[in-house]
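Dumped coords_7.cif below, it's mmCIF, C-alpha atoms and all ligand atoms:
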data_final
loop_
_atom_site.label_atom_id
_atom_site.label_comp_id
_atom_site.auth_asym_id
_atom_site.auth_seq_id
_atom_site.Cartn_x
_atom_site.Cartn_y
_atom_site.Cartn_z
CA MET K 21 -75.56 -7.25 24.54
CA ALA K 22 -74.98 -4.93 27.55
CA TRP K 23 -73.99 -1.32 27.12
CA GLN K 24 -73.90 1.89 29.10
CA HIS K 25 -75.66 5.15 28.44
CA ASP K 26 -76.86 8.07 30.50
CA CYS K 27 -80.01 7.60 32.51
CA ALA K 28 -82.58 10.23 31.57
CA LYS K 29 -83.75 10.53 35.18
CA CYS K 30 -80.59 10.94 37.17
CA ASP K 31 -77.68 11.41 34.73
CA GLU K 32 -76.00 8.28 36.08
CA PRO K 33 -74.56 5.68 33.71
CA SER K 34 -77.01 2.80 33.19
CA ILE K 35 -76.69 -0.74 31.91
CA GLY K 36 -79.21 -2.05 29.43
CA LEU K 37 -79.95 -5.33 27.71
CA SER K 38 -81.59 -5.13 24.29
CA GLY K 39 -83.06 -1.74 24.99
CA SER K 40 -84.23 -2.26 28.62
CA PHE K 41 -82.25 0.03 30.87
CA ILE K 42 -81.41 -0.46 34.53
CA CYS K 43 -80.19 2.61 36.30
CA MET K 44 -77.12 1.79 38.40
CA THR K 45 -78.04 4.44 40.97
CA ALA K 46 -81.45 2.88 41.42
CA ARG K 47 -79.82 -0.49 42.04
CA ARG K 48 -77.59 0.83 44.80
CA VAL K 49 -78.97 0.21 48.27
CA GLN K 50 -80.09 3.44 49.84
CA PRO K 51 -78.28 4.45 53.05
CA PRO K 52 -80.47 4.45 56.18
CA THR K 53 -82.04 7.61 57.52
CA PRO K 54 -80.66 8.92 60.84
CA ALA K 55 -83.96 7.81 62.43
CA GLU K 56 -83.42 4.25 61.18
CA VAL K 57 -79.88 4.28 62.60
CA THR K 58 -81.22 5.55 65.93
CA ASN K 59 -83.69 2.69 65.93
CA LEU K 60 -80.86 0.18 65.38
CA LEU K 61 -78.95 1.80 68.25
CA ARG K 62 -81.82 0.94 70.56
CA ALA K 63 -80.52 -2.62 70.44
CA VAL K 64 -77.19 -1.51 71.94
CA ILE K 65 -77.53 -2.01 75.65
CA ASP K 66 -75.19 -0.61 78.25
CA PRO K 67 -74.98 -3.81 80.32
CA GLU K 68 -74.17 -1.99 83.53
CA LEU K 69 -76.87 0.63 83.29
CA GLY K 70 -79.36 -1.86 81.90
CA ASP K 71 -80.84 0.29 79.16
CA ASN K 72 -80.18 1.13 75.54
CA ILE K 73 -77.74 3.89 74.69
CA VAL K 74 -80.41 6.00 72.96
CA ASP K 75 -82.76 6.18 75.93
CA LEU K 76 -79.81 6.70 78.25
CA GLY K 77 -78.80 9.75 76.23
CA MET K 78 -75.41 8.24 75.37
CA ALA K 79 -76.03 8.40 71.60
CA THR K 80 -75.69 12.10 70.97
CA GLY K 81 -76.23 12.43 67.25
CA VAL K 82 -76.33 10.54 63.97
CA THR K 83 -75.38 11.76 60.53
CA VAL K 84 -75.47 9.69 57.36
CA SER K 85 -73.63 10.64 54.19
CA GLU K 86 -74.81 9.74 50.69
CA ASP K 87 -72.21 7.00 50.31
CA GLY K 88 -73.46 5.22 53.45
CA LEU K 89 -70.92 6.53 55.99
CA VAL K 90 -72.72 6.71 59.33
CA THR K 91 -71.21 8.97 62.01
CA ILE K 92 -72.47 8.49 65.55
CA GLY K 93 -71.64 10.50 68.63
CA VAL K 94 -71.39 8.36 71.76
CA LYS K 95 -70.84 9.82 75.21
CA LEU K 96 -69.46 7.52 77.88
CA THR K 97 -70.02 8.06 81.57
CA ILE K 98 -66.24 8.18 81.90
CA LYS K 99 -63.59 8.17 79.16
CA GLY K 100 -61.56 5.12 80.12
CA CYS K 101 -64.56 2.88 80.75
CA PRO K 102 -63.81 -0.74 79.83
CA LEU K 103 -67.25 -0.99 78.26
CA ARG K 104 -66.02 1.25 75.47
CA VAL K 105 -64.81 -1.69 73.36
CA GLN K 106 -68.02 -3.60 73.86
CA ILE K 107 -70.18 -0.58 73.05
CA LYS K 108 -68.03 0.12 69.97
CA ASN K 109 -68.43 -3.46 68.72
CA ASP K 110 -72.15 -3.44 69.45
CA VAL K 111 -72.74 -0.10 67.73
CA GLU K 112 -70.75 -1.15 64.67
CA SER K 113 -72.29 -4.56 64.30
CA ARG K 114 -75.86 -3.36 64.90
CA VAL K 115 -75.62 -0.48 62.46
CA THR K 116 -73.92 -2.49 59.73
CA THR K 117 -76.84 -4.94 59.70
CA HIS K 118 -78.40 -2.29 57.44
CA PRO K 119 -77.25 -3.11 53.89
CA GLY K 120 -76.99 0.57 52.95
CA VAL K 121 -74.22 1.26 55.50
CA SER K 122 -70.71 1.34 54.06
CA LYS K 123 -68.82 2.43 57.21
CA VAL K 124 -69.47 3.41 60.79
CA LYS K 125 -67.52 6.14 62.55
CA ILE K 126 -67.90 6.76 66.26
CA GLU K 127 -67.05 10.11 67.76
CA TRP K 128 -66.42 9.53 71.46
CA GLY K 129 -67.28 12.00 74.14
CA GLU K 130 -67.47 12.07 77.92
CA MET K 131 -70.50 13.04 79.98
CA ASP K 132 -70.32 16.09 82.19
CA ALA K 133 -71.57 16.02 85.78
CA ASP K 134 -75.14 17.05 84.81
CA GLU K 135 -75.37 14.38 82.14
CA ARG K 136 -74.12 11.77 84.55
CA THR K 137 -76.80 12.82 87.01
CA ALA K 138 -79.43 12.44 84.26
CA VAL K 139 -78.17 8.94 83.50
CA MET K 140 -78.31 8.12 87.21
CA THR K 141 -81.92 9.28 87.32
CA ARG K 142 -82.76 7.12 84.33
CA ALA K 143 -80.95 4.11 85.81
CA ARG K 144 -82.74 4.64 89.10
CA TRP K 145 -86.08 4.80 87.28
CA ASN K 146 -85.23 1.60 85.41
CA ALA K 147 -84.20 -0.18 88.57
CA LYS K 148 -87.57 0.66 90.11
CA GLU K 149 -89.72 0.38 87.04
CA ASN K 150 -88.44 -2.85 85.51
CA ALA K 151 -90.80 -5.37 87.02
CA PRO K 152 -88.51 -7.70 88.97
CA ALA K 153 -87.58 -10.70 86.93
CA THR K 154 -90.76 -11.19 84.94
CA GLN K 155 -88.93 -10.86 81.68
CA ILE K 156 -85.45 -11.35 80.31
CA PRO K 157 -83.16 -9.05 82.31
CA LEU K 158 -81.57 -6.29 80.25
CA ASN K 159 -78.05 -7.38 81.03
CA THR K 160 -78.64 -10.93 79.76
CA ARG K 161 -76.73 -11.90 76.62
CA ILE K 162 -79.19 -13.59 74.27
CA LEU K 163 -77.98 -16.10 71.69
CA ALA K 164 -80.36 -17.85 69.31
CA ILE K 165 -79.01 -21.01 67.71
CA ALA K 166 -80.35 -21.21 64.17
CA SER K 167 -79.70 -23.00 60.89
CA GLY K 168 -81.06 -23.05 57.39
CA LYS K 169 -82.22 -26.63 57.63
CA GLY K 170 -83.09 -29.29 60.15
CA GLY K 171 -80.93 -31.97 61.70
CA VAL K 172 -77.60 -30.11 61.58
CA GLY K 173 -77.21 -30.06 65.36
CA LYS K 174 -78.87 -26.86 66.65
CA SER K 175 -80.25 -28.55 69.75
CA SER K 176 -76.97 -30.36 70.44
CA VAL K 177 -75.07 -27.07 70.13
CA THR K 178 -77.61 -25.25 72.34
CA VAL K 179 -77.51 -27.71 75.24
CA ASN K 180 -73.76 -28.19 75.09
CA LEU K 181 -72.96 -24.48 74.98
CA ALA K 182 -75.49 -23.82 77.75
CA ALA K 183 -73.94 -26.57 79.88
CA ALA K 184 -70.39 -25.35 79.19
CA LEU K 185 -71.36 -21.78 80.16
CA ALA K 186 -73.12 -22.96 83.31
CA ASN K 187 -70.12 -25.09 84.20
CA GLN K 188 -68.07 -21.87 84.29
CA GLY K 189 -70.34 -20.51 87.00
CA PHE K 190 -72.95 -18.65 84.95
CA THR K 191 -76.72 -18.75 85.21
CA VAL K 192 -77.91 -19.81 81.78
CA GLY K 193 -81.47 -19.84 80.50
CA VAL K 194 -82.42 -22.29 77.78
CA LEU K 195 -85.56 -21.54 75.82
CA ASP K 196 -86.62 -24.40 73.57
CA ALA K 197 -88.30 -22.46 70.74
CA ASP K 198 -88.81 -25.67 68.79
CA ILE K 199 -92.42 -25.77 69.94
CA TRP K 200 -93.45 -28.88 68.00
CA GLY K 201 -90.18 -30.76 67.70
CA PHE K 202 -88.65 -30.08 71.12
CA SER K 203 -85.64 -32.16 72.11
CA VAL K 204 -84.07 -30.07 74.89
CA PRO K 205 -85.82 -31.86 77.82
CA ARG K 206 -84.43 -35.23 76.72
CA MET K 207 -80.97 -33.84 75.95
CA LEU K 208 -80.70 -32.32 79.43
CA ASN K 209 -82.66 -35.03 81.22
CA MET K 210 -85.10 -32.43 82.51
CA SER K 211 -88.67 -33.37 81.77
CA ASP K 212 -90.50 -32.38 84.98
CA ARG K 213 -93.73 -30.46 84.41
CA LEU K 214 -93.35 -26.70 84.58
CA GLU K 215 -95.11 -25.16 87.53
CA ALA K 216 -96.72 -21.76 87.78
CA LYS K 217 -96.47 -19.57 90.86
CA LEU K 218 -97.72 -16.20 91.90
CA ILE K 219 -94.68 -13.93 92.03
CA THR K 220 -94.57 -10.76 94.11
CA GLY K 221 -95.32 -7.82 91.87
CA SER K 222 -97.20 -9.71 89.16
CA GLU K 223 -100.95 -10.24 89.01
CA LYS K 224 -100.98 -13.52 87.11
CA PRO K 225 -98.98 -16.61 88.04
CA LYS K 226 -95.69 -17.04 86.16
CA MET K 227 -94.12 -20.23 84.90
CA ILE K 228 -91.03 -21.24 86.86
CA PRO K 229 -88.22 -22.69 84.70
CA ASN K 230 -86.89 -26.10 85.65
CA GLU K 231 -83.43 -25.82 87.15
CA ARG K 232 -80.37 -28.01 87.04
CA ILE K 233 -77.07 -27.30 88.74
CA VAL K 234 -74.12 -27.76 86.40
CA GLY K 235 -70.64 -27.32 87.88
CA LYS K 236 -70.51 -23.89 89.51
CA GLY K 237 -73.53 -22.58 87.64
CA VAL K 238 -77.16 -23.32 86.92
CA LEU K 239 -79.38 -24.02 83.92
CA LYS K 240 -82.94 -22.67 83.82
CA VAL K 241 -84.93 -24.40 81.13
CA VAL K 242 -88.37 -24.06 79.54
CA SER K 243 -89.78 -26.16 76.73
CA THR K 244 -93.19 -27.26 75.48
CA GLY K 245 -91.84 -30.72 76.30
CA MET K 246 -92.36 -29.72 79.95
CA LEU K 247 -95.98 -28.81 79.34
CA VAL K 248 -97.30 -31.72 77.32
CA GLU K 249 -97.46 -35.41 78.10
CA ASP K 250 -95.38 -36.68 75.17
CA GLU K 251 -93.93 -35.56 71.86
CA SER K 252 -97.06 -36.52 69.91
CA THR K 253 -99.28 -34.38 72.13
CA ALA K 254 -97.16 -31.45 71.01
CA LEU K 255 -98.80 -31.75 67.62
CA MET K 256 -101.91 -30.30 69.25
CA TRP K 257 -99.94 -27.11 69.59
CA ARG K 258 -100.02 -26.74 65.83
CA GLY K 259 -103.08 -24.60 66.28
CA LEU K 260 -101.01 -22.12 68.26
CA MET K 261 -99.04 -19.55 66.41
CA LEU K 262 -95.37 -20.34 66.82
CA THR K 263 -94.39 -16.81 67.68
CA LYS K 264 -97.19 -16.57 70.24
CA ALA K 265 -95.83 -19.57 72.11
CA VAL K 266 -92.30 -18.16 72.11
CA GLU K 267 -93.65 -14.80 73.21
CA GLN K 268 -95.30 -16.48 76.19
CA PHE K 269 -92.04 -18.13 77.13
CA LEU K 270 -90.41 -14.71 77.11
CA LYS K 271 -93.15 -12.84 78.94
CA ASP K 272 -94.85 -15.33 81.23
CA VAL K 273 -91.81 -17.09 82.61
CA HIS K 274 -90.20 -15.93 85.82
CA TRP K 275 -86.64 -16.15 84.52
CA GLY K 276 -84.98 -14.30 87.38
CA GLU K 277 -81.33 -13.34 87.01
CA LEU K 278 -79.72 -14.69 83.83
CA ASP K 279 -76.22 -14.20 82.48
CA TYR K 280 -77.05 -15.87 79.18
CA LEU K 281 -80.21 -16.99 77.43
CA LEU K 282 -79.74 -19.59 74.70
CA ILE K 283 -82.65 -20.15 72.35
CA ASP K 284 -82.91 -23.40 70.40
CA MET K 285 -84.61 -22.32 67.18
CA PRO K 286 -86.95 -24.55 65.20
CA PRO K 287 -85.67 -25.64 61.78
CA GLY K 288 -86.33 -23.65 58.66
CA THR K 289 -88.86 -21.09 59.81
CA GLY K 290 -88.57 -17.35 59.55
CA ASP K 291 -91.55 -16.63 61.79
CA VAL K 292 -89.82 -17.24 65.09
CA GLN K 293 -86.75 -15.32 63.97
CA MET K 294 -88.87 -12.34 62.93
CA GLY K 295 -90.82 -12.57 66.19
CA LEU K 296 -87.60 -12.58 68.20
CA ALA K 297 -86.29 -9.60 66.26
CA ARG K 298 -89.44 -7.74 67.27
CA MET K 299 -89.52 -8.84 70.90
CA LEU K 300 -85.80 -9.00 71.67
CA PRO K 301 -83.88 -7.00 69.05
CA ARG K 302 -80.64 -7.52 70.99
CA THR K 303 -80.69 -11.23 70.18
CA ASP K 304 -77.52 -12.47 68.47
CA LEU K 305 -77.68 -15.43 66.12
CA ILE K 306 -75.29 -18.33 66.01
CA ILE K 307 -75.67 -20.14 62.70
CA VAL K 308 -74.99 -23.86 62.67
CA THR K 309 -74.07 -25.59 59.44
CA THR K 310 -72.50 -28.87 58.39
CA PRO K 311 -69.34 -28.92 56.25
CA ALA K 312 -71.40 -29.77 53.15
CA VAL K 313 -71.58 -27.05 50.53
CA SER K 314 -75.33 -27.66 50.12
CA ALA K 315 -75.92 -27.01 53.84
CA GLN K 316 -73.82 -23.88 53.64
CA LYS K 317 -76.02 -22.53 50.81
CA VAL K 318 -79.15 -23.12 52.88
CA ALA K 319 -77.51 -21.54 55.91
CA ILE K 320 -76.91 -18.37 53.91
CA ARG K 321 -80.69 -18.02 53.74
CA ALA K 322 -80.85 -18.06 57.54
CA ALA K 323 -78.18 -15.36 57.60
CA ASP K 324 -80.15 -13.36 55.02
CA MET K 325 -83.19 -13.54 57.21
CA ALA K 326 -81.07 -12.26 60.11
CA ARG K 327 -79.95 -9.31 58.05
CA ARG K 328 -83.49 -8.48 57.01
CA SER K 329 -84.65 -8.50 60.60
CA PHE K 330 -81.48 -6.57 61.60
CA LEU K 331 -80.36 -9.28 64.02
CA ARG K 332 -76.65 -9.53 64.60
CA ILE K 333 -74.74 -12.70 63.83
CA ALA K 334 -72.42 -13.69 66.66
CA GLY K 335 -70.72 -16.38 64.59
CA VAL K 336 -70.90 -19.64 62.69
CA ILE K 337 -70.43 -23.12 64.12
CA GLU K 338 -69.61 -26.01 61.82
CA ASN K 339 -71.03 -29.21 63.25
CA MET K 340 -70.48 -32.78 62.10
CA SER K 341 -66.97 -31.99 60.84
CA ALA K 342 -64.49 -34.80 60.11
CA PHE K 343 -64.97 -38.07 61.96
CA THR K 344 -61.74 -39.56 63.33
CA CYS K 345 -61.73 -43.32 63.89
CA GLU K 346 -59.90 -45.08 66.73
CA HIS K 347 -56.85 -45.56 64.44
CA GLY K 348 -56.56 -41.82 63.98
CA THR K 349 -57.75 -41.65 60.38
CA SER K 350 -60.03 -38.74 59.57
CA TYR K 351 -63.04 -39.06 57.30
CA GLN K 352 -64.74 -35.98 55.87
CA LEU K 353 -68.15 -37.67 55.88
CA PHE K 354 -70.05 -34.49 55.05
CA GLY K 355 -67.41 -32.77 52.94
CA GLN K 356 -65.30 -29.91 54.20
CA GLY K 357 -65.01 -26.14 54.31
CA GLY K 358 -68.73 -25.35 54.66
CA GLY K 359 -68.38 -23.50 57.96
CA GLN K 360 -65.45 -21.33 56.88
CA ASN K 361 -67.08 -20.58 53.51
CA LEU K 362 -70.29 -19.54 55.21
CA ALA K 363 -68.42 -17.39 57.74
CA ASN K 364 -66.50 -15.68 54.92
CA GLU K 365 -69.60 -15.17 52.87
CA ILE K 366 -71.61 -13.50 55.64
CA GLY K 367 -68.64 -11.72 57.23
CA ALA K 368 -68.88 -13.56 60.56
CA GLU K 369 -66.40 -15.45 62.72
CA LEU K 370 -66.14 -19.24 62.54
CA LEU K 371 -66.46 -19.98 66.27
CA GLY K 372 -65.47 -23.63 66.00
CA GLN K 373 -65.73 -26.96 64.20
CA ILE K 374 -67.30 -29.81 66.13
CA PRO K 375 -66.33 -33.26 64.91
CA ILE K 376 -68.73 -36.16 64.57
CA GLU K 377 -68.32 -38.18 67.75
CA SER K 378 -70.58 -40.84 69.14
CA ASP K 379 -70.10 -39.24 72.58
CA VAL K 380 -72.06 -36.22 71.36
CA SER K 381 -75.13 -38.23 70.37
CA HIS K 382 -74.84 -40.59 73.38
CA GLY K 383 -74.58 -37.57 75.66
CA SER K 384 -77.75 -36.11 74.13
CA ASP K 385 -79.61 -39.39 74.39
CA ASN K 386 -78.60 -39.80 78.04
CA GLY K 387 -79.27 -36.23 79.09
CA GLU K 388 -75.59 -35.58 79.89
CA PRO K 389 -74.18 -33.04 77.42
CA VAL K 390 -70.65 -34.03 76.49
CA ALA K 391 -69.42 -30.46 77.18
CA ILE K 392 -69.89 -30.92 80.94
CA SER K 393 -67.19 -33.48 81.56
CA GLY K 394 -66.50 -35.23 78.24
CA ALA K 395 -62.85 -35.90 77.41
CA GLY K 396 -63.10 -36.05 73.61
CA PHE K 397 -62.25 -33.40 71.05
CA ALA K 398 -65.92 -32.42 70.51
CA ALA K 399 -66.28 -31.64 74.23
CA GLU K 400 -63.13 -29.50 74.07
CA VAL K 401 -64.43 -27.54 71.07
CA PHE K 402 -67.76 -26.87 72.82
CA ARG K 403 -65.87 -25.56 75.86
CA ASP K 404 -63.63 -23.39 73.65
CA ILE K 405 -66.64 -21.86 71.92
CA ALA K 406 -68.20 -21.11 75.32
CA LYS K 407 -64.97 -19.34 76.33
CA LYS K 408 -65.12 -17.26 73.13
CA ILE K 409 -68.68 -16.26 73.95
CA ILE K 410 -67.67 -15.26 77.47
CA SER K 411 -64.74 -13.21 76.17
CA GLN K 412 -67.05 -11.28 73.82
CA THR K 413 -68.56 -9.58 76.86
CA VAL K 414 -66.57 -7.56 79.38
CA PRO K 415 -65.59 -9.81 82.30
CA GLY K 416 -66.95 -8.61 85.62
CA ASN K 417 -63.59 -8.13 87.33
CA GLU K 418 -62.44 -5.62 84.71
CA MET K 419 -65.45 -3.53 85.60
CA ALA K 420 -64.30 -2.94 89.17
CA GLY K 421 -63.55 0.71 89.77
CA CYS K 422 -65.30 1.86 86.60
CA SER K 423 -67.75 4.61 87.29
CA ALA K 424 -70.14 2.90 84.87
CA ARG K 425 -70.95 0.60 87.80
CA MET K 426 -73.69 3.02 88.63
CA LEU K 427 -76.40 0.49 89.20
CA GLU K 428 -74.69 -0.56 92.38
CA THR K 429 -74.72 3.03 93.58
CA VAL K 430 -78.33 3.33 92.49
CA ALA K 431 -79.30 0.16 94.32
CA LEU K 432 -77.49 1.33 97.43
CA ALA K 433 -79.18 4.73 97.20
CA LEU K 434 -82.52 2.95 97.02
CA GLY K 435 -81.58 0.91 100.05
CA GLU K 436 -81.63 -2.28 97.99
CA LYS K 437 -79.12 -5.07 97.71
CA PRO K 438 -76.85 -4.32 94.72
CA LYS K 439 -77.15 -6.75 91.78
CA LYS K 440 -74.20 -9.09 91.58
N1 LIG K 501 -71.14 -33.62 66.42
C1 LIG K 501 -71.99 -34.63 66.44
N2 LIG K 501 -71.55 -35.91 66.49
C2 LIG K 501 -72.41 -36.95 66.50
N3 LIG K 501 -73.74 -36.83 66.49
C3 LIG K 501 -74.25 -35.59 66.44
C4 LIG K 501 -73.42 -34.43 66.42
N4 LIG K 501 -74.21 -33.34 66.39
C5 LIG K 501 -75.47 -33.79 66.41
N5 LIG K 501 -75.52 -35.12 66.42
C6 LIG K 501 -76.72 -35.97 66.40
O1 LIG K 501 -77.45 -35.64 65.22
C7 LIG K 501 -78.85 -35.64 65.47
C8 LIG K 501 -79.42 -34.28 65.11
O2 LIG K 501 -78.91 -33.33 66.02
P1 LIG K 501 -79.84 -32.20 66.67
O3 LIG K 501 -81.12 -32.78 67.14
O4 LIG K 501 -79.00 -31.46 67.62
O5 LIG K 501 -80.10 -31.32 65.36
P2 LIG K 501 -81.15 -30.15 65.15
O6 LIG K 501 -80.54 -29.22 64.15
O7 LIG K 501 -81.55 -29.58 66.45
O8 LIG K 501 -82.37 -30.92 64.53
P3 LIG K 501 -83.86 -30.36 64.29
O9 LIG K 501 -83.76 -29.47 63.10
O10 LIG K 501 -84.67 -31.59 64.02
O11 LIG K 501 -84.27 -29.64 65.52
C9 LIG K 501 -79.04 -36.01 66.93
O12 LIG K 501 -79.27 -37.38 67.01
C10 LIG K 501 -77.68 -35.68 67.55
O13 LIG K 501 -77.38 -36.49 68.67
MG MG K 502 -83.48 -29.36 67.32
#

Show the structure stored in the file as structure tokens.
Amino acid sequence: MAWQHDCAKCDEPSIGLSGSFICMTARRVQPPTPAEVTNLLRAVIDPELGDNIVDLGMATGVTVSEDGLVTIGVKLTIKGCPLRVQIKNDVESRVTTHPGVSKVKIEWGEMDADERTAVMTRARWNAKENAPATQIPLNTRILAIASGKGGVGKSSVTVNLAAALANQGFTVGVLDADIWGFSVPRMLNMSDRLEAKLITGSEKPKMIPNERIVGKGVLKVVSTGMLVEDESTALMWRGLMLTKAVEQFLKDVHWGELDYLLIDMPPGTGDVQMGLARMLPRTDLIIVTTPAVSAQKVAIRAADMARRSFLRIAGVIENMSAFTCEHGTSYQLFGQGGGQNLANEIGAELLGQIPIESDVSHGSDNGEPVAISGAGFAAEVFRDIAKKIISQTVPGNEMAGCSARMLETVALALGEKPKK
């Protein structure tokens, strides 16, 4: 029998079963400390200034109330800056990855001339100091494609989204983090050996990603499949720590300019996810699930892991949704509703539902992702999801005239060519 009584320690009502008492206060998740919130804010990058809002001095103060309300002061370089919405979304979604946060309130401010000068100095320092293109550029949007279990279509989603983004004119990196079970080289028909070159400014040679032009854009791809002779040789890599291999791909590859980096995660491992959270805390996860309820339950574990490593979830993709035959009849081969249920459960957006279509698997087998020029419904959904991803970041043309475009001024002041 359960009953309530007063907890001797904290005077809060407690629930007990047959004499064992659990204090309800103790069970509540503690709100974060202001220092923890500040740490989470370090993952919020001002894409134009190329640094996090804490180091840029844009986050001006954090207070946390006992009930988990977090109030953050954010100063923009100029009030009407179009980045405001993006920074707001980023701040809110980063901070709410902490389970003890009930609400986030942002108090907006505007920098004065001195503060703007300080930001300029910082941006100038960054522009000089950031070793050119030996790591993932700070303005690159990073999306890791993960799932709770194997075979749900992570690699298919990765290559198709990457191809759809490139087709729109973007430079898209693809990092195959499935070190032992890589499939990206085959799916993109890119299996040339990776070469290493000495790059100006670095002492050791860097790996150069393989490139493929897609539409108006370009794919830059690295995978262990481009380092070993065949898939069975990859087993030799078992001796290597997974995270170490991924770390090398992030540090020892000359990625150059990237608009997006898509990471194809290996199935069912937390190590790589934790490693990514440490190395690239601004990584967003896209969770892939099938419509089956069982898959959805497993996917929740992947989302849990994301929360524990404070990674943000950009959305859920349901793959292998209803198959429609040539007569137009739909078959829910793997059940239905898994994607939406998962999205509801973890408070994320369902980005799209990709049907089962033989074109998807044929495209992967032939190295021609269906999203590039496929006419079927699956191809359309991939392209729609890519558009959603693009719209989540401020389009370049809206930035014109915004004083946040300081890097250009900085580059000009340094006598360098401004970044595009
Ligand atoms: N929407 C789809 N329609 C038809 N076939 C699909 C679809 N999505 C994926 N497939 C096929 O299902 C198989 C598994 O997909 P994929 O390799 O992308 O999954 P994965 O999650 O990356 O697997 P692993 O966990 O082994 O890395 C592949 O043969 C792929 O071509
Ligand atoms: Mg895979």

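Minimum atom-to-atom distance to K:Arg114, evaluated using all atoms listed in the file, belongs to K:Thr303 out of K:Thr303, K:Ser203, K:Ser222, K:Ser176.
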
If you measure from atom CA of K:Ala334 to atom CA of K:Tyr351, what distance in Å do you get, rounded to one decimal?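 Here the two named atoms are 28.6 Å from each other.
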
What residues have any atom no more than 7 Å from ligand MG 502 (chain K) when counting only C-alpha atoms and all ligand atoms, and can you list them as JSON, numbers by chain? {"K": [171, 173, 174, 175, 198, 201, 202, 203, 284, 286]}

For ligand LIG 501 (chain K), which residue out of K:Lys236, K:Lys169, K:Arg298, K:Arg136 is the nearest one, using only C-alpha atoms and all ligand atoms? K:Lys169

Compare K:Lys125, K:Lys99, K:Arg332, K:His382 by their minimum atom-to-atom distance to K:Leu208, counting only C-alpha atoms, and give me the closest one. K:His382

If we count all atoms listed in the file and set the cut-off at 12 Å, which residues sit around K:Gly396, ignoring sequence neighbours fewer than 3 positions away in its own chain? Please answer as a ChimeraX atom specification. /K:343-344,346,374-380,383,390-393,399-403

Within 10 Å of K:Asp66 using only C-alpha atoms, minus same-chain residues under 4 positions, as an NGL selection string: :K and (70-74 or 76 or 78 or 96 or 103-104 or 106-107 or 110 or 158-159 or 424)

Counting only C-alpha atoms, what is within 6 Å of K:Leu282, bar same-chain residues fewer than 2 positions away, as number ranges by chain? K: 163-164, 194

Write out the residues from the selection above, keeping C-alpha atoms, as a PDB file, in the coordinates of the input.
ATOM      1  CA  LEU K 163     -77.980 -16.100  71.690  1.00  0.00           C
ATOM      2  CA  ALA K 164     -80.360 -17.850  69.310  1.00  0.00           C
ATOM      3  CA  VAL K 194     -82.420 -22.290  77.780  1.00  0.00           C
TER       4      VAL K 194
END

Atom CA of K:Ala312 to atom C2 of ligand LIG 501 (chain K), straight-line distance in Å: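 So the two atoms, atom C2 of ligand LIG 501 (chain K) and atom CA of K:Ala312, lie 15.2 Å apart.
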
Please report the interatomic distance between atom CA of K:Trp275 and atom CA of K:Asn209 in Å with one decimal.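 Rounded to one decimal, the two atoms are 19.6 Å apart.
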
Could you name the residues that touch stretch 356-359 of chain K at 8 Å or less, counting all atoms listed in the file, but leaving out those on the same chain fewer than 5 positions away, as number ranges by chain? K: 309-313, 315-316, 336-338, 341-342, 370, 373

Restricting it to C-alpha atoms, dump the selection as a PDB file, keeping the file's coordinate frame.
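File part22.pdb, as written:
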ATOM      1  CA  THR K 309     -74.070 -25.590  59.440  1.00  0.00           C
ATOM      2  CA  THR K 310     -72.500 -28.870  58.390  1.00  0.00           C
ATOM      3  CA  PRO K 311     -69.340 -28.920  56.250  1.00  0.00           C
ATOM      4  CA  ALA K 312     -71.400 -29.770  53.150  1.00  0.00           C
ATOM      5  CA  VAL K 313     -71.580 -27.050  50.530  1.00  0.00           C
ATOM      6  CA  ALA K 315     -75.920 -27.010  53.840  1.00  0.00           C
ATOM      7  CA  GLN K 316     -73.820 -23.880  53.640  1.00  0.00           C
ATOM      8  CA  VAL K 336     -70.900 -19.640  62.690  1.00  0.00           C
ATOM      9  CA  ILE K 337     -70.430 -23.120  64.120  1.00  0.00           C
ATOM     10  CA  GLU K 338     -69.610 -26.010  61.820  1.00  0.00           C
ATOM     11  CA  SER K 341     -66.970 -31.990  60.840  1.00  0.00           C
ATOM     12  CA  ALA K 342     -64.490 -34.800  60.110  1.00  0.00           C
ATOM     13  CA  LEU K 370     -66.140 -19.240  62.540  1.00  0.00           C
ATOM     14  CA  GLN K 373     -65.730 -26.960  64.200  1.00  0.00           C
TER      15      GLN K 373
END

Using all atoms listed in the file, can you tell me which of K:Glu215, K:Glu112, K:Asp279, K:Asp324 comes closest to K:Ala186?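 Checking each of K:Glu215, K:Glu112, K:Asp279, K:Asp324 against K:Ala186, counting all atoms listed in the file, the winner is K:Asp279.
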
Which of these residues is nearest to ligand LIG 501 (chain K), using only C-alpha atoms and all ligand atoms: K:Asp272, K:Asp196, K:Asp404, K:Asp132?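 Result for the nearest residue to ligand LIG 501 (chain K): K:Asp196.
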
K:Glu388 proximity check over K:Gly276, K:Gly120, K:Pro205, K:Pro287, using all atoms listed in the file: winner is K:Pro205

For K:Leu270: contacts at 10 Å, only C-alpha atoms, fewer than 3 positions along chain excluded, given as a compact mmCIF listing (two decimals) with C-alpha atoms, in the coordinates of the input:
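Output (result_10.txt):
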# COMPACT_ATOMS: atom_id res chain seq x y z
CA THR K 154 -90.76 -11.19 84.94
CA GLN K 155 -88.93 -10.86 81.68
CA ILE K 156 -85.45 -11.35 80.31
CA LEU K 195 -85.56 -21.54 75.82
CA VAL K 242 -88.37 -24.06 79.54
CA LYS K 264 -97.19 -16.57 70.24
CA ALA K 265 -95.83 -19.57 72.11
CA VAL K 266 -92.30 -18.16 72.11
CA GLU K 267 -93.65 -14.80 73.21
CA VAL K 273 -91.81 -17.09 82.61
CA HIS K 274 -90.20 -15.93 85.82
CA TRP K 275 -86.64 -16.15 84.52
CA LEU K 296 -87.60 -12.58 68.20
CA MET K 299 -89.52 -8.84 70.90
CA LEU K 300 -85.80 -9.00 71.67
